[in-house]
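Shown next: protein.pdb, containing PDB, C-alpha atoms, pLDDT in the B column.
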```
ATOM      1  CA  MET A  18     108.816 193.948-127.079  1.00 52.00           C
ATOM      2  CA  ALA A  19     108.995 191.966-123.852  1.00 51.00           C
ATOM      3  CA  LYS A  20     108.986 188.207-124.381  1.00 49.00           C
ATOM      4  CA  ALA A  21     107.379 185.900-121.831  1.00 50.00           C
ATOM      5  CA  ARG A  22     108.660 182.418-120.972  1.00 50.00           C
ATOM      6  CA  ASN A  23     105.843 180.792-122.979  1.00 50.00           C
ATOM      7  CA  GLY A  24     106.958 182.606-126.130  1.00 54.00           C
ATOM      8  CA  VAL A  25     104.150 185.187-126.168  1.00 60.00           C
ATOM      9  CA  ARG A  26     105.454 188.675-126.898  1.00 70.00           C
ATOM     10  CA  HIS A  27     104.059 191.672-125.035  1.00 73.00           C
ATOM     11  CA  ASP A  28     104.496 195.337-125.735  1.00 76.00           C
ATOM     12  CA  ALA A  29     107.259 196.966-123.675  1.00 81.00           C
ATOM     13  CA  MET A  30     104.665 199.353-122.294  1.00 86.00           C
ATOM     14  CA  VAL A  31     102.870 196.413-120.702  1.00 85.00           C
ATOM     15  CA  LYS A  32     106.032 195.423-118.853  1.00 86.00           C
ATOM     16  CA  SER A  33     106.602 199.023-117.766  1.00 88.00           C
ATOM     17  CA  ARG A  34     103.035 199.165-116.528  1.00 88.00           C
ATOM     18  CA  ALA A  35     103.577 195.966-114.532  1.00 87.00           C
ATOM     19  CA  ILE A  36     106.680 197.414-112.865  1.00 88.00           C
ATOM     20  CA  ALA A  37     104.829 200.619-112.040  1.00 90.00           C
ATOM     21  CA  LEU A  38     101.967 198.678-110.482  1.00 88.00           C
ATOM     22  CA  ARG A  39     104.393 196.624-108.411  1.00 86.00           C
ATOM     23  CA  ASN A  40     106.059 199.800-107.181  1.00 88.00           C
ATOM     24  CA  SER A  41     102.590 200.950-106.122  1.00 87.00           C
ATOM     25  CA  GLY A  42     102.129 197.858-103.978  1.00 85.00           C
ATOM     26  CA  TRP A  43     100.154 195.588-106.306  1.00 86.00           C
ATOM     27  CA  THR A  44     100.465 191.825-105.865  1.00 85.00           C
ATOM     28  CA  HIS A  45     101.547 189.529-108.686  1.00 84.00           C
ATOM     29  CA  ARG A  46      98.009 188.186-109.040  1.00 84.00           C
ATOM     30  CA  GLU A  47      96.521 191.667-109.143  1.00 85.00           C
ATOM     31  CA  ILE A  48      98.958 192.610-111.905  1.00 86.00           C
ATOM     32  CA  THR A  49      98.086 189.427-113.791  1.00 87.00           C
ATOM     33  CA  LYS A  50      94.379 190.210-113.647  1.00 85.00           C
ATOM     34  CA  GLU A  51      94.863 193.853-114.613  1.00 85.00           C
ATOM     35  CA  LEU A  52      97.186 193.298-117.584  1.00 85.00           C
ATOM     36  CA  GLY A  53      95.983 189.924-118.815  1.00 85.00           C
ATOM     37  CA  VAL A  54      99.391 188.242-118.604  1.00 86.00           C
ATOM     38  CA  SER A  55     100.337 184.967-116.966  1.00 86.00           C
ATOM     39  CA  LEU A  56     101.359 184.845-113.325  1.00 84.00           C
ATOM     40  CA  SER A  57     104.852 183.632-114.196  1.00 86.00           C
ATOM     41  CA  THR A  58     105.304 186.495-116.672  1.00 87.00           C
ATOM     42  CA  ALA A  59     104.249 189.074-114.106  1.00 85.00           C
ATOM     43  CA  TRP A  60     106.652 187.575-111.558  1.00 87.00           C
ATOM     44  CA  LEU A  61     109.589 187.634-113.994  1.00 88.00           C
ATOM     45  CA  TRP A  62     108.973 191.243-114.937  1.00 88.00           C
ATOM     46  CA  VAL A  63     108.798 192.598-111.390  1.00 87.00           C
ATOM     47  CA  ARG A  64     111.138 190.251-109.505  1.00 87.00           C
ATOM     48  CA  GLY A  65     113.725 192.995-109.109  1.00 85.00           C
ATOM     49  CA  VAL A  66     111.279 195.514-107.644  1.00 86.00           C
ATOM     50  CA  GLN A  67     111.740 196.152-103.929  1.00 85.00           C
ATOM     51  CA  VAL A  68     108.479 196.684-102.060  1.00 83.00           C
ATOM     52  CA  SER A  69     108.589 198.849 -98.952  1.00 85.00           C
ATOM     53  CA  PRO A  70     107.519 197.396 -95.573  1.00 84.00           C
ATOM     54  CA  GLU A  71     104.487 199.699 -95.563  1.00 85.00           C
ATOM     55  CA  LEU A  72     103.302 198.408 -98.935  1.00 82.00           C
ATOM     56  CA  LYS A  73     103.968 194.817 -97.860  1.00 81.00           C
ATOM     57  CA  SER A  74     101.737 195.407 -94.859  1.00 82.00           C
ATOM     58  CA  GLU A  75      98.956 196.694 -97.118  1.00 82.00           C
ATOM     59  CA  ILE A  76      99.358 193.676 -99.395  1.00 77.00           C
ATOM     60  CA  GLU A  77      98.977 191.294 -96.457  1.00 79.00           C
ATOM     61  CA  LYS A  78      95.801 193.065 -95.375  1.00 76.00           C
ATOM     62  CA  ARG A  79      94.298 192.692 -98.849  1.00 74.00           C
ATOM     63  CA  ARG A  80      95.235 189.035 -98.999  1.00 69.00           C
ATOM     64  CA  ASN A  81      93.185 188.388 -95.890  1.00 63.00           C
ATOM     65  CA  VAL A  82      90.084 190.019 -97.384  1.00 63.00           C
ATOM     66  CA  ARG A  83      88.338 187.854 -99.997  1.00 61.00           C
ATOM     67  CA  ARG A  84      86.683 189.850-102.763  1.00 62.00           C
ATOM     68  CA  TRP A  85      83.917 187.940-104.529  1.00 63.00           C
ATOM     69  CA  ASP A  86      82.598 189.043-107.883  1.00 68.00           C
ATOM     70  CA  GLU A  87      79.080 188.107-109.024  1.00 71.00           C
ATOM     71  CA  THR A  88      80.230 185.018-110.920  1.00 76.00           C
ATOM     72  CA  GLU A  89      82.158 183.696-107.925  1.00 71.00           C
ATOM     73  CA  ARG A  90      79.198 184.354-105.633  1.00 72.00           C
ATOM     74  CA  ARG A  91      76.866 182.456-107.959  1.00 75.00           C
ATOM     75  CA  ILE A  92      79.234 179.471-108.201  1.00 74.00           C
ATOM     76  CA  LEU A  93      79.686 179.403-104.431  1.00 71.00           C
ATOM     77  CA  GLY A  94      75.926 179.590-103.954  1.00 70.00           C
ATOM     78  CA  GLN A  95      75.424 176.586-106.232  1.00 71.00           C
ATOM     79  CA  ARG A  96      78.017 174.610-104.284  1.00 69.00           C
ATOM     80  CA  LEU A  97      76.468 175.474-100.937  1.00 66.00           C
ATOM     81  CA  ARG A  98      72.837 174.964-101.968  1.00 65.00           C
ATOM     82  CA  PRO A  99      72.841 171.173-101.376  1.00 60.00           C
ATOM     83  CA  PHE A 100      74.217 171.689 -97.877  1.00 57.00           C
ATOM     84  CA  GLN A 101      71.656 174.385 -97.140  1.00 56.00           C
ATOM     85  CA  PHE A 102      68.964 172.014 -98.378  1.00 50.00           C
ATOM     86  CA  LYS A 103      70.353 169.274 -96.167  1.00 49.00           C
ATOM     87  CA  ILE A 104      70.163 171.454 -93.085  1.00 54.00           C
ATOM     88  CA  LYS A 105      66.661 172.692 -93.843  1.00 66.00           C
ATOM     89  CA  TYR A 106      64.915 169.387 -94.565  1.00 73.00           C
ATOM     90  CA  GLY A 107      64.787 166.090 -92.714  1.00 82.00           C
ATOM     91  CA  ASP A 108      64.359 162.668 -94.316  1.00 85.00           C
ATOM     92  CA  GLU A 109      60.585 162.712 -93.932  1.00 88.00           C
ATOM     93  CA  ASP A 110      60.415 166.194 -95.459  1.00 86.00           C
ATOM     94  CA  LEU A 111      62.268 164.929 -98.521  1.00 87.00           C
ATOM     95  CA  LEU A 112      59.940 161.954 -98.867  1.00 88.00           C
ATOM     96  CA  ASN A 113      56.911 164.214 -98.482  1.00 88.00           C
ATOM     97  CA  LYS A 114      58.104 166.255-101.456  1.00 86.00           C
ATOM     98  CA  ILE A 115      57.869 163.095-103.562  1.00 86.00           C
ATOM     99  CA  ARG A 116      54.401 162.314-102.199  1.00 86.00           C
ATOM    100  CA  LEU A 117      53.241 165.872-102.846  1.00 86.00           C
ATOM    101  CA  PHE A 118      54.475 165.675-106.437  1.00 81.00           C
ATOM    102  CA  TYR A 119      52.462 162.480-106.896  1.00 79.00           C
ATOM    103  CA  GLU A 120      49.314 164.120-105.514  1.00 78.00           C
ATOM    104  CA  GLU A 121      49.692 167.123-107.821  1.00 76.00           C
ATOM    105  CA  ASN A 122      50.686 165.269-111.005  1.00 72.00           C
ATOM    106  CA  GLY A 123      49.229 161.790-110.603  1.00 70.00           C
ATOM    107  CA  ARG A 124      52.558 160.078-111.249  1.00 75.00           C
ATOM    108  CA  ILE A 125      55.952 159.369-109.728  1.00 80.00           C
ATOM    109  CA  PRO A 126      58.492 162.161-110.335  1.00 80.00           C
ATOM    110  CA  LEU A 127      61.514 161.604-112.524  1.00 76.00           C
ATOM    111  CA  LYS A 128      64.875 162.370-110.995  1.00 72.00           C
ATOM    112  CA  LYS A 129      65.374 165.042-113.676  1.00 71.00           C
ATOM    113  CA  GLU A 130      62.536 166.981-112.094  1.00 74.00           C
ATOM    114  CA  PHE A 131      64.197 167.258-108.675  1.00 75.00           C
ATOM    115  CA  ASN A 132      67.094 169.706-108.399  1.00 70.00           C
ATOM    116  CA  ALA A 133      68.165 168.206-105.060  1.00 71.00           C
ATOM    117  CA  LEU A 134      68.947 164.767-106.479  1.00 75.00           C
ATOM    118  CA  ARG A 135      72.319 164.718-104.729  1.00 81.00           C
ATOM    119  CA  ILE A 136      70.666 165.030-101.313  1.00 84.00           C
ATOM    120  CA  TYR A 137      68.338 162.120-102.025  1.00 85.00           C
ATOM    121  CA  ARG A 138      71.312 159.971-102.961  1.00 84.00           C
ATOM    122  CA  GLU A 139      73.178 160.956 -99.811  1.00 86.00           C
ATOM    123  CA  ARG A 140      70.200 160.328 -97.543  1.00 88.00           C
ATOM    124  CA  PHE A 141      68.695 157.210 -99.109  1.00 88.00           C
ATOM    125  CA  GLY A 142      71.495 155.692-101.193  1.00 87.00           C
ATOM    126  CA  SER A 143      69.787 156.237-104.547  1.00 86.00           C
ATOM    127  CA  TRP A 144      66.842 157.982-106.155  1.00 85.00           C
ATOM    128  CA  ASN A 145      64.932 154.702-106.570  1.00 85.00           C
ATOM    129  CA  SER A 146      65.459 153.908-102.901  1.00 88.00           C
ATOM    130  CA  ALA A 147      63.919 157.269-101.974  1.00 88.00           C
ATOM    131  CA  ILE A 148      60.925 156.537-104.220  1.00 86.00           C
ATOM    132  CA  GLN A 149      60.410 153.184-102.504  1.00 87.00           C
ATOM    133  CA  LYS A 150      60.715 154.677 -99.019  1.00 89.00           C
ATOM    134  CA  ALA A 151      58.063 157.225-100.017  1.00 86.00           C
ATOM    135  CA  GLY A 152      55.741 154.272-100.635  1.00 86.00           C
ATOM    136  CA  PHE A 153      55.842 153.987-104.422  1.00 82.00           C
ATOM    137  CA  GLU A 154      57.202 151.659-107.062  1.00 78.00           C
ATOM    138  CA  THR A 155      60.108 153.014-109.072  1.00 74.00           C
ATOM    139  CA  ASN A 156      59.716 154.321-112.605  1.00 63.00           C
ATOM    140  CA  PRO A 157      60.993 151.993-115.334  1.00 56.00           C
ATOM    141  CA  VAL A 158      63.464 153.233-117.923  1.00 51.00           C
ATOM    142  CA  LEU A 159      61.819 155.884-120.109  1.00 47.00           C
ATOM    143  CA  PHE A 160      62.185 154.038-123.401  1.00 47.00           C
ATOM    144  CA  ALA A 161      62.135 150.488-122.043  1.00 49.00           C
ATOM    145  CA  ARG A 162      58.464 149.682-122.567  1.00 57.00           C
ATOM    146  CA  ARG A 163      55.180 151.031-123.844  1.00 69.00           C
ATOM    147  CA  TYR A 164      52.832 153.140-121.770  1.00 83.00           C
ATOM    148  CA  VAL A 165      49.068 153.504-121.913  1.00 89.00           C
ATOM    149  CA  ALA A 166      47.697 157.045-121.709  1.00 92.00           C
ATOM    150  CA  ARG A 167      44.427 157.969-120.018  1.00 92.00           C
ATOM    151  CA  ASP A 168      42.551 157.960-123.313  1.00 93.00           C
ATOM    152  CA  GLY A 169      43.780 154.444-124.094  1.00 93.00           C
ATOM    153  CA  HIS A 170      46.480 155.462-126.558  1.00 94.00           C
ATOM    154  CA  VAL A 171      49.575 153.262-126.419  1.00 90.00           C
ATOM    155  CA  CYS A 172      52.700 155.440-126.174  1.00 89.00           C
ATOM    156  CA  ASP A 173      56.288 154.497-126.924  1.00 83.00           C
ATOM    157  CA  SER A 174      57.767 156.341-123.946  1.00 83.00           C
ATOM    158  CA  PHE A 175      56.877 157.743-120.564  1.00 85.00           C
ATOM    159  CA  THR A 176      57.248 161.290-121.883  1.00 88.00           C
ATOM    160  CA  GLU A 177      54.916 160.631-124.800  1.00 91.00           C
ATOM    161  CA  ARG A 178      52.323 159.481-122.294  1.00 91.00           C
ATOM    162  CA  ILE A 179      52.695 162.789-120.435  1.00 92.00           C
ATOM    163  CA  ILE A 180      52.127 164.669-123.702  1.00 95.00           C
ATOM    164  CA  ASP A 181      49.140 162.490-124.611  1.00 95.00           C
ATOM    165  CA  ASP A 182      47.560 163.001-121.187  1.00 95.00           C
ATOM    166  CA  TRP A 183      48.129 166.757-121.432  1.00 94.00           C
ATOM    167  CA  LEU A 184      46.342 166.891-124.787  1.00 95.00           C
ATOM    168  CA  THR A 185      43.451 164.901-123.337  1.00 95.00           C
ATOM    169  CA  GLU A 186      43.189 167.118-120.254  1.00 93.00           C
ATOM    170  CA  ASN A 187      43.001 170.190-122.488  1.00 93.00           C
ATOM    171  CA  ASN A 188      40.308 168.645-124.720  1.00 93.00           C
ATOM    172  CA  ILE A 189      42.562 168.584-127.775  1.00 94.00           C
ATOM    173  CA  ALA A 190      41.517 165.775-130.107  1.00 94.00           C
ATOM    174  CA  HIS A 191      44.516 163.878-131.409  1.00 96.00           C
ATOM    175  CA  ARG A 192      45.526 160.679-133.141  1.00 96.00           C
ATOM    176  CA  ARG A 193      48.577 158.530-132.511  1.00 95.00           C
ATOM    177  CA  ASN A 194      51.110 157.100-134.966  1.00 92.00           C
ATOM    178  CA  VAL A 195      49.565 158.459-138.150  1.00 95.00           C
ATOM    179  CA  ARG A 196      51.698 158.015-141.247  1.00 95.00           C
ATOM    180  CA  TYR A 197      53.313 160.905-143.059  1.00 95.00           C
ATOM    181  CA  GLY A 198      51.301 160.486-146.241  1.00 93.00           C
ATOM    182  CA  LEU A 199      52.562 157.504-148.218  1.00 93.00           C
ATOM    183  CA  ASP A 200      55.801 157.305-146.244  1.00 93.00           C
ATOM    184  CA  LYS A 201      56.242 154.583-143.629  1.00 90.00           C
ATOM    185  CA  SER A 202      57.255 157.118-140.958  1.00 93.00           C
ATOM    186  CA  ASN A 203      54.678 157.853-138.257  1.00 94.00           C
ATOM    187  CA  VAL A 204      53.950 161.103-136.457  1.00 96.00           C
ATOM    188  CA  ASP A 205      53.644 160.878-132.663  1.00 95.00           C
ATOM    189  CA  PHE A 206      50.492 163.004-132.496  1.00 96.00           C
ATOM    190  CA  LEU A 207      48.352 164.444-135.286  1.00 96.00           C
ATOM    191  CA  ILE A 208      45.884 167.213-134.468  1.00 95.00           C
ATOM    192  CA  ASN A 209      43.155 168.402-136.855  1.00 93.00           C
ATOM    193  CA  ASP A 210      44.902 166.470-139.642  1.00 94.00           C
ATOM    194  CA  THR A 211      47.238 169.436-140.121  1.00 94.00           C
ATOM    195  CA  ILE A 212      49.352 169.771-136.964  1.00 95.00           C
ATOM    196  CA  ALA A 213      52.059 167.207-136.264  1.00 96.00           C
ATOM    197  CA  VAL A 214      53.480 167.028-132.741  1.00 96.00           C
ATOM    198  CA  GLU A 215      56.715 165.092-132.350  1.00 96.00           C
ATOM    199  CA  PHE A 216      58.705 164.268-129.227  1.00 94.00           C
ATOM    200  CA  PHE A 217      62.348 163.968-130.273  1.00 92.00           C
ATOM    201  CA  GLY A 218      63.653 162.468-127.049  1.00 84.00           C
ATOM    202  CA  LEU A 219      66.905 161.101-128.490  1.00 82.00           C
ATOM    203  CA  ALA A 220      67.921 164.185-130.452  1.00 85.00           C
ATOM    204  CA  GLY A 221      71.673 164.649-130.384  1.00 82.00           C
ATOM    205  CA  VAL A 222      72.218 161.148-129.002  1.00 74.00           C
ATOM    206  CA  GLN A 223      72.120 159.043-132.161  1.00 77.00           C
ATOM    207  CA  ILE A 224      73.142 160.133-135.657  1.00 86.00           C
ATOM    208  CA  LYS A 225      70.497 157.878-137.203  1.00 85.00           C
ATOM    209  CA  TYR A 226      67.824 159.444-135.000  1.00 87.00           C
ATOM    210  CA  ASP A 227      68.896 162.958-136.020  1.00 90.00           C
ATOM    211  CA  ARG A 228      68.509 161.939-139.659  1.00 92.00           C
ATOM    212  CA  ILE A 229      64.963 160.804-138.905  1.00 93.00           C
ATOM    213  CA  ILE A 230      64.226 164.251-137.465  1.00 94.00           C
ATOM    214  CA  VAL A 231      65.436 165.908-140.666  1.00 95.00           C
ATOM    215  CA  LYS A 232      63.343 163.495-142.726  1.00 95.00           C
ATOM    216  CA  LYS A 233      60.180 164.205-140.712  1.00 95.00           C
ATOM    217  CA  ARG A 234      60.674 167.933-141.121  1.00 96.00           C
ATOM    218  CA  ARG A 235      60.872 167.447-144.864  1.00 96.00           C
ATOM    219  CA  LEU A 236      57.779 165.216-144.941  1.00 96.00           C
ATOM    220  CA  ALA A 237      55.723 167.630-142.837  1.00 96.00           C
ATOM    221  CA  LYS A 238      56.646 170.512-145.113  1.00 96.00           C
ATOM    222  CA  LYS A 239      55.719 168.481-148.186  1.00 95.00           C
ATOM    223  CA  LEU A 240      52.292 167.642-146.708  1.00 96.00           C
ATOM    224  CA  GLY A 241      51.680 171.216-145.598  1.00 96.00           C
ATOM    225  CA  TRP A 242      51.578 170.218-141.927  1.00 96.00           C
ATOM    226  CA  GLN A 243      52.655 172.448-139.087  1.00 95.00           C
ATOM    227  CA  LEU A 244      55.356 170.557-137.195  1.00 96.00           C
ATOM    228  CA  ILE A 245      55.743 171.205-133.468  1.00 95.00           C
ATOM    229  CA  GLU A 246      58.987 169.741-132.140  1.00 96.00           C
ATOM    230  CA  ILE A 247      59.262 168.826-128.471  1.00 95.00           C
ATOM    231  CA  TYR A 248      62.598 167.992-126.854  1.00 92.00           C
ATOM    232  CA  ALA A 249      63.623 166.697-123.430  1.00 86.00           C
ATOM    233  CA  GLU A 250      64.473 170.202-122.197  1.00 87.00           C
ATOM    234  CA  HIS A 251      60.872 171.207-122.903  1.00 90.00           C
ATOM    235  CA  MET A 252      59.625 168.544-120.487  1.00 88.00           C
ATOM    236  CA  TYR A 253      62.207 168.405-117.710  1.00 82.00           C
ATOM    237  CA  PRO A 254      62.638 169.701-115.114  1.00 77.00           C
ATOM    238  CA  LYS A 255      59.622 171.905-115.950  1.00 83.00           C
ATOM    239  CA  ASN A 256      56.795 171.007-118.307  1.00 87.00           C
ATOM    240  CA  LYS A 257      56.630 173.699-121.014  1.00 90.00           C
ATOM    241  CA  LEU A 258      53.800 172.196-123.051  1.00 92.00           C
ATOM    242  CA  PRO A 259      51.405 175.100-122.320  1.00 91.00           C
ATOM    243  CA  LEU A 260      53.913 177.458-123.933  1.00 90.00           C
ATOM    244  CA  LEU A 261      54.767 175.218-126.888  1.00 89.00           C
ATOM    245  CA  LEU A 262      51.167 174.307-127.703  1.00 89.00           C
ATOM    246  CA  ARG A 263      49.456 177.584-126.866  1.00 85.00           C
ATOM    247  CA  SER A 264      48.558 178.154-130.537  1.00 80.00           C
ATOM    248  CA  ILE A 265      46.559 174.912-130.449  1.00 80.00           C
ATOM    249  CA  THR A 266      44.785 175.645-127.175  1.00 69.00           C
ATOM    250  CA  LYS A 267      43.711 179.064-128.485  1.00 61.00           C
ATOM    251  CA  ASN A 268      41.977 177.377-131.377  1.00 57.00           C
TER     252      ASN A 268
END
```
Please lay out the structure from this file as C-alpha cells.
Amino acid sequence: MAKARNGVRHDAMVKSRAIALRNSGWTHREITKELGVSLSTAWLWVRGVQVSPELKSEIEKRRNVRRWDETERRILGQRLRPFQFKIKYGDEDLLNKIRLFYEENGRIPLKKEFNALRIYRERFGSWNSAIQKAGFETNPVLFARRYVARDGHVCDSFTERIIDDWLTENNIAHRRNVRYGLDKSNVDFLINDTIAVEFFGLAGVQIKYDRIIVKKRRLAKKLGWQLIEIYAEHMYPKNKLPLLLRSITKN
C-alpha cells in the first residue's frame, strides 16, 4: 500500500490511478478531488511524471476557466447580495423600508427581521442610528423591561407582547401568568384552561432556563394541558404564529 506523508495508507491502485490521470493531463488538484487524497500526496505520487507540452497547454486553458458547482454559486451569491442591495437602494429607500414595516406591523422592526442589516450598519453606522434617522425611537433590549399589550396584559418581553397582540387580533381569549396547578411556575398564556402557550426565548442559552422548560413540560402533561412551545426562530425573521397556533384558530 502507498503511504502518504501524513501517515495515511492508500491502496496501491489509488497511486497507480493518480499516475495514469497525470499522464492524461490532469492537474494535481483535479487528481486530489477525483481520488480523495491530499494535495501533497497527489504531488508526491506524480512528481516524476513528465507532461507533454500539448497537455500542459490544455491544463493552462482549464486553469483560466472557473467551474462553479451549485454550492459555490450559492455561497458566492450570498457574499454578493449585500453589494447588490447596496447598488439597488439609496439611503432614503432603506429608511422607507423601516417606515413601511412600521405601517404594516404597528411597531419598530427588530434587526433580526432585516436580512440586510450589514448595509444599514455601513450606511448609517448602526441599526439604532438607522431607526432614529427613519424618525423613530429605538427598541429597548428585548428582556430589559415589561411591555403592555393592546388588551392591557403586562408582558415580560417584547416578543411576548407580539404573541399577546396576535391572540387578541385573532379573537382568541387568553389569560396571562396562570400557575401550573399548585406549582409556583406560571404559564405565559393559557387558552380555554387547557392550552398552555409558552415563549421559550432563552432556550439553549442558560442551563437553568432549559431545566425550567423540562419542568413545564412535565407540569403540563400532569395537568392534561396541551403545551405549545414557541422559540425565537418561530418569531424572527418571520412570524410563524399562524402556523403554530392554527389548531387554536380553527376552534
Quiz prompt | Nearest-residue call for Phe141 in chain A, choices A:Leu72, A:Phe216, A:Glu109, A:Asn187, using all atoms listed in the file | solution =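 Closest to Phe141 in chain A of all the choices is A:Glu109.
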Practice problem: Could you tell me which residues the PyMOL selection byres ((chain A and resi 191) around 12) returns for this structure, as a VMD selection string? | Solution: chain A and resid 168 to 170 180 to 190 192 to 195 204 to 214 265
Evaluate the PyMOL selection byres ((chain A and resi 44) around 12) on the structure here and hand back the selected residues as a PDB file with C-alpha atoms, in the frame of the given file.
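result30.pdb written:
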```pdb
ATOM      1  CA  ALA A  35     103.577 195.966-114.532  1.00 87.00           C
ATOM      2  CA  ILE A  36     106.680 197.414-112.865  1.00 88.00           C
ATOM      3  CA  ALA A  37     104.829 200.619-112.040  1.00 90.00           C
ATOM      4  CA  LEU A  38     101.967 198.678-110.482  1.00 88.00           C
ATOM      5  CA  ARG A  39     104.393 196.624-108.411  1.00 86.00           C
ATOM      6  CA  ASN A  40     106.059 199.800-107.181  1.00 88.00           C
ATOM      7  CA  SER A  41     102.590 200.950-106.122  1.00 87.00           C
ATOM      8  CA  GLY A  42     102.129 197.858-103.978  1.00 85.00           C
ATOM      9  CA  TRP A  43     100.154 195.588-106.306  1.00 86.00           C
ATOM     10  CA  HIS A  45     101.547 189.529-108.686  1.00 84.00           C
ATOM     11  CA  ARG A  46      98.009 188.186-109.040  1.00 84.00           C
ATOM     12  CA  GLU A  47      96.521 191.667-109.143  1.00 85.00           C
ATOM     13  CA  ILE A  48      98.958 192.610-111.905  1.00 86.00           C
ATOM     14  CA  THR A  49      98.086 189.427-113.791  1.00 87.00           C
ATOM     15  CA  LYS A  50      94.379 190.210-113.647  1.00 85.00           C
ATOM     16  CA  GLU A  51      94.863 193.853-114.613  1.00 85.00           C
ATOM     17  CA  LEU A  56     101.359 184.845-113.325  1.00 84.00           C
ATOM     18  CA  ALA A  59     104.249 189.074-114.106  1.00 85.00           C
ATOM     19  CA  TRP A  60     106.652 187.575-111.558  1.00 87.00           C
ATOM     20  CA  VAL A  63     108.798 192.598-111.390  1.00 87.00           C
ATOM     21  CA  ARG A  64     111.138 190.251-109.505  1.00 87.00           C
ATOM     22  CA  VAL A  66     111.279 195.514-107.644  1.00 86.00           C
ATOM     23  CA  VAL A  68     108.479 196.684-102.060  1.00 83.00           C
ATOM     24  CA  LEU A  72     103.302 198.408 -98.935  1.00 82.00           C
ATOM     25  CA  LYS A  73     103.968 194.817 -97.860  1.00 81.00           C
ATOM     26  CA  SER A  74     101.737 195.407 -94.859  1.00 82.00           C
ATOM     27  CA  GLU A  75      98.956 196.694 -97.118  1.00 82.00           C
ATOM     28  CA  ILE A  76      99.358 193.676 -99.395  1.00 77.00           C
ATOM     29  CA  GLU A  77      98.977 191.294 -96.457  1.00 79.00           C
ATOM     30  CA  LYS A  78      95.801 193.065 -95.375  1.00 76.00           C
ATOM     31  CA  ARG A  79      94.298 192.692 -98.849  1.00 74.00           C
ATOM     32  CA  ARG A  80      95.235 189.035 -98.999  1.00 69.00           C
TER      33      ARG A  80
END
```
Practice problem: I need the residue set behind the PyMOL selection byres ((chain A and resi 231-238) around 9) for this file; please write it as a PyMOL selection string. | Solution: chain A and resi 197-198+200+202-204+212-213+226-230+239-244
Work out where the centre of an axis-aligned box around every listed atom of range 51-70 of chain A lies and how long its edges are once 3 Å is added on each side; give both in Å to one decimal as JSON.
```
{"center_x": 104.3, "center_y": 191.2, "center_z": -107.2, "size_x": 24.9, "size_y": 21.2, "size_z": 29.2}
```
Quiz item: Which residues come within 12 Å of Leu112 in chain A, counting all atoms listed in the file, excluding same-chain residues fewer than 5 positions away, as number ranges by chain?
Solution: A: 106-107, 117-119, 125-126, 131, 136-137, 140-141, 144-153
What's around Asn256 in chain A at 10 Å? Count all atoms listed in the file, leave out sequence neighbours fewer than 5 positions away in its own chain, and write the answer as a compact mmCIF listing (two decimals) with C-alpha atoms, keeping the file's coordinate frame.
```txt
# COMPACT_ATOMS: atom_id res chain seq x y z
CA GLU A 130 62.54 166.98 -112.09
CA ILE A 179 52.70 162.79 -120.44
CA ILE A 180 52.13 164.67 -123.70
CA ALA A 249 63.62 166.70 -123.43
CA GLU A 250 64.47 170.20 -122.20
CA HIS A 251 60.87 171.21 -122.90
CA LEU A 261 54.77 175.22 -126.89
```
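Picture a line from CA of Arg90 in chain A to CA of Gly53 in chain A; it runs 22.1 Å.
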Quiz item: What separation in Å, quoted to one decimal, exists between CA of Glu121 in chain A and CA of Leu262 in chain A?
Solution: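 Answer for the CA of Glu121 in chain A to CA of Leu262 in chain A separation: 21.2 Å.
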Quiz item: Could you work out how far CA of Leu260 in chain A lies from CA of Arg124 in chain A, giving the answer in Å with one decimal?
Solution: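 Between CA of Arg124 in chain A and CA of Leu260 in chain A the gap works out to 21.6 Å.
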Quiz item: Quick one: of A:Asn132, A:Thr58, A:Gln67, A:Thr88, who's nearest to Tyr253 in chain A, counting only C-alpha atoms?
Solution: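 Closest to Tyr253 in chain A of all the choices is A:Asn132.
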Exercise. Go through A:Gly94, A:Val171, A:Ile115, A:Pro70 one by one, measure the shortest atom-to-atom distance of each to Leu127 in chain A using only C-alpha atoms, and give the residue with the smallest value.
Key: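 Answer, going by the shortest atom-to-atom distance: A:Ile115.
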